[in-house]
Amino acid sequence: SQQGEEDPQALSIQEGENATMNCSYKTSINNLQWYRQNSGRGLVHLILIRSNEREKHSGRLRVTLDTSKKSSSLLITASRAADTASYFCATALPSGYSTLTFGKGTMLLVSP
Amino acid sequence: DTGVSQNPRHKITKRGQNVTFRCDPISEHNRLYWYRQTLGQGPEFLTYFQNEAQLEKSRLLSDRFSAERPKGSFSTLEIQRTEQGDSAMYLCASSLGRFQETQYFGPGTRLLVL
């Protein structure tokens with residue numbers, strides 16, 4: 001079953017604009033991770049935020065986590081055509097399991 | 001390129017045939033995971049290994065599926081008597097083994113069952 005749900009399902013923007021994607025999940029987590037997947041290829045890890053963290057930055061990426069609302073957001077600033085991909089949030093449970101539970105993803109299209 | 005390799009990259013088979021996929025993780029990683037991804041969905045966990053021990057299996061992993069990691073290095077995923085519903089991308093990932101950290105994914109094997 002899917003733990004996380006991304007919103008929107010698809011997002012189309014112009015180069016230079018910011019893109020914001022949201023993720024909601026259902027149960028308590030140890031950490032939440034964001035991955036990117038280019039069409040038909042493997043996933044690339046972007047950023048991990050732990051349950052005791054509220055915000056994290058990596059380059060043009062900013063991730064927030066609100067455990068009271070069970071939600072996270074991924075902001076990509078100054079987007080580029082190369083950012084075109086599907087973006088997935090994945091949650092790790094606090095129980096010690098190593099597995100990740102993914103959402104259905106947000107498809108981002110950045111037009112030149 | 002994350003350093004995780006999978007072979008083959010594509011596989012077309014007829015219903016009822018057996019298929020086997022291979023995953024070579026990053027060499028120092030002792031945890032290895034298999035996921036399945038269907039069109040328009042996120043990856044779904046199948047099974048995971050700590051070294052050569054298979055520690056967890058999803059209920060998605062029917063008895064037609066078997067995975068091994070004989071020497072704690074590469075892993076194989078075999079599907080017996082394939083069905084059309086097995087058509088999907090099969091993804092392998094590996095991690096260092098510390099508590100719940102980043103998983104590095106391979107490019108996947110795309111399976112089409114006719």
# chains A, B, ... in the order shown; residues from 1 in each chain; ligands from 1
call {"tool": "residues_around", "arguments": {"residues": "segment 36-44 of chain A", "least_positions_apart": "3", "cutoff": "8 Å", "atoms": "only C-alpha atoms", "output": "compact mmCIF listing (two decimals) with C-alpha atoms, in the first residue's frame"}}
result
# COMPACT_ATOMS: atom_id res chain seq x y z
CA THR A 84 11.97 17.48 -15.68
CA ALA A 85 11.28 14.16 -13.95
CA SER A 86 8.96 12.40 -11.54
CA TYR A 87 9.51 13.14 -7.88
CA PHE A 88 8.62 10.68 -5.13
CA THR B 2 24.72 5.31 -8.63
CA LEU B 91 14.35 -2.06 -9.10
CA TYR B 104 20.97 3.87 -3.93
CA PHE B 105 18.93 2.52 -6.80
CA GLY B 106 19.99 0.71 -9.94
CA PRO B 107 18.54 1.51 -13.39
CA GLY B 108 15.98 -1.29 -13.13
call {"tool": "interface_residues", "arguments": {"of": "chain B", "to": "chain A", "cutoff": "9 Å", "atoms": "only C-alpha atoms", "output": "VMD selection string"}}
result
chain B and resid 1 to 2 31 33 40 to 45 47 to 48 56 89 91 to 92 97 99 to 108 110
call {"tool": "write_last_selection", "arguments": {"atoms": "C-alpha atoms", "output": "JSON list (two decimals), in the first residue's frame"}}
result
[["chain", "number", "residue", "atom", "x", "y", "z"],
["B", 1, "ASP", "CA", 25.15, 6.28, -12.29],
["B", 2, "THR", "CA", 24.72, 5.31, -8.63],
["B", 31, "ARG", "CA", 21.90, -4.16, 2.62],
["B", 33, "TYR", "CA", 16.50, -4.28, -1.54],
["B", 40, "GLY", "CA", 2.16, 5.55, -12.88],
["B", 41, "GLN", "CA", 2.94, 4.18, -9.44],
["B", 42, "GLY", "CA", 5.76, 4.54, -6.98],
["B", 43, "PRO", "CA", 8.05, 1.61, -6.21],
["B", 44, "GLU", "CA", 6.65, -1.08, -3.92],
["B", 45, "PHE", "CA", 8.90, -3.03, -1.59],
["B", 47, "THR", "CA", 12.21, -7.99, -0.12],
["B", 48, "TYR", "CA", 15.48, -7.06, 1.55],
["B", 56, "GLU", "CA", 11.92, -9.19, 5.25],
["B", 89, "MET", "CA", 10.03, -2.40, -13.64],
["B", 91, "LEU", "CA", 14.35, -2.06, -9.10],
["B", 92, "CYS", "CA", 17.25, -2.99, -6.89],
["B", 97, "GLY", "CA", 23.50, -0.78, 6.62],
["B", 99, "PHE", "CA", 19.90, 2.54, 10.59],
["B", 100, "GLN", "CA", 17.50, 3.68, 7.88],
["B", 101, "GLU", "CA", 19.64, 5.73, 5.60],
["B", 102, "THR", "CA", 19.88, 6.51, 1.91],
["B", 103, "GLN", "CA", 19.17, 3.74, -0.56],
["B", 104, "TYR", "CA", 20.97, 3.87, -3.93],
["B", 105, "PHE", "CA", 18.93, 2.52, -6.80],
["B", 106, "GLY", "CA", 19.99, 0.71, -9.94],
["B", 107, "PRO", "CA", 18.54, 1.51, -13.39],
["B", 108, "GLY", "CA", 15.98, -1.29, -13.13],
["B", 110, "ARG", "CA", 11.85, -3.73, -17.30]]
call {"tool": "atom_distance", "arguments": {"atom1": "atom CA of Ala81 of chain A", "atom2": "atom CA of Leu65 of chain A"}}
result
26.4 Å
call {"tool": "residues_around", "arguments": {"residues": "Val19 of chain B", "least_positions_apart": "4", "cutoff": "12 Å", "atoms": "only C-alpha atoms", "output": "PyMOL selection string"}}
result
chain B and resi 7-8+10-15+64-67+76-83+86-87+90+109-113
call {"tool": "residues_around", "arguments": {"residues": "Thr77 of chain A", "least_positions_apart": "4", "cutoff": "9 Å", "atoms": "only C-alpha atoms", "output": "number ranges by chain"}}
result
A: 16-20, 60-62
call {"tool": "residues_around", "arguments": {"residues": "Ile49 of chain A", "least_positions_apart": "2", "cutoff": "10 Å", "atoms": "only C-alpha atoms", "output": "list in words"}}
result
Asn30, Asn31, Leu32, Gln33, Trp34, Ile47, Ser51, Asn52, Glu53, Arg54, Glu55, Lys56, His57, Val63, Thr64, Leu65, Ser72 and Thr91 of chain A
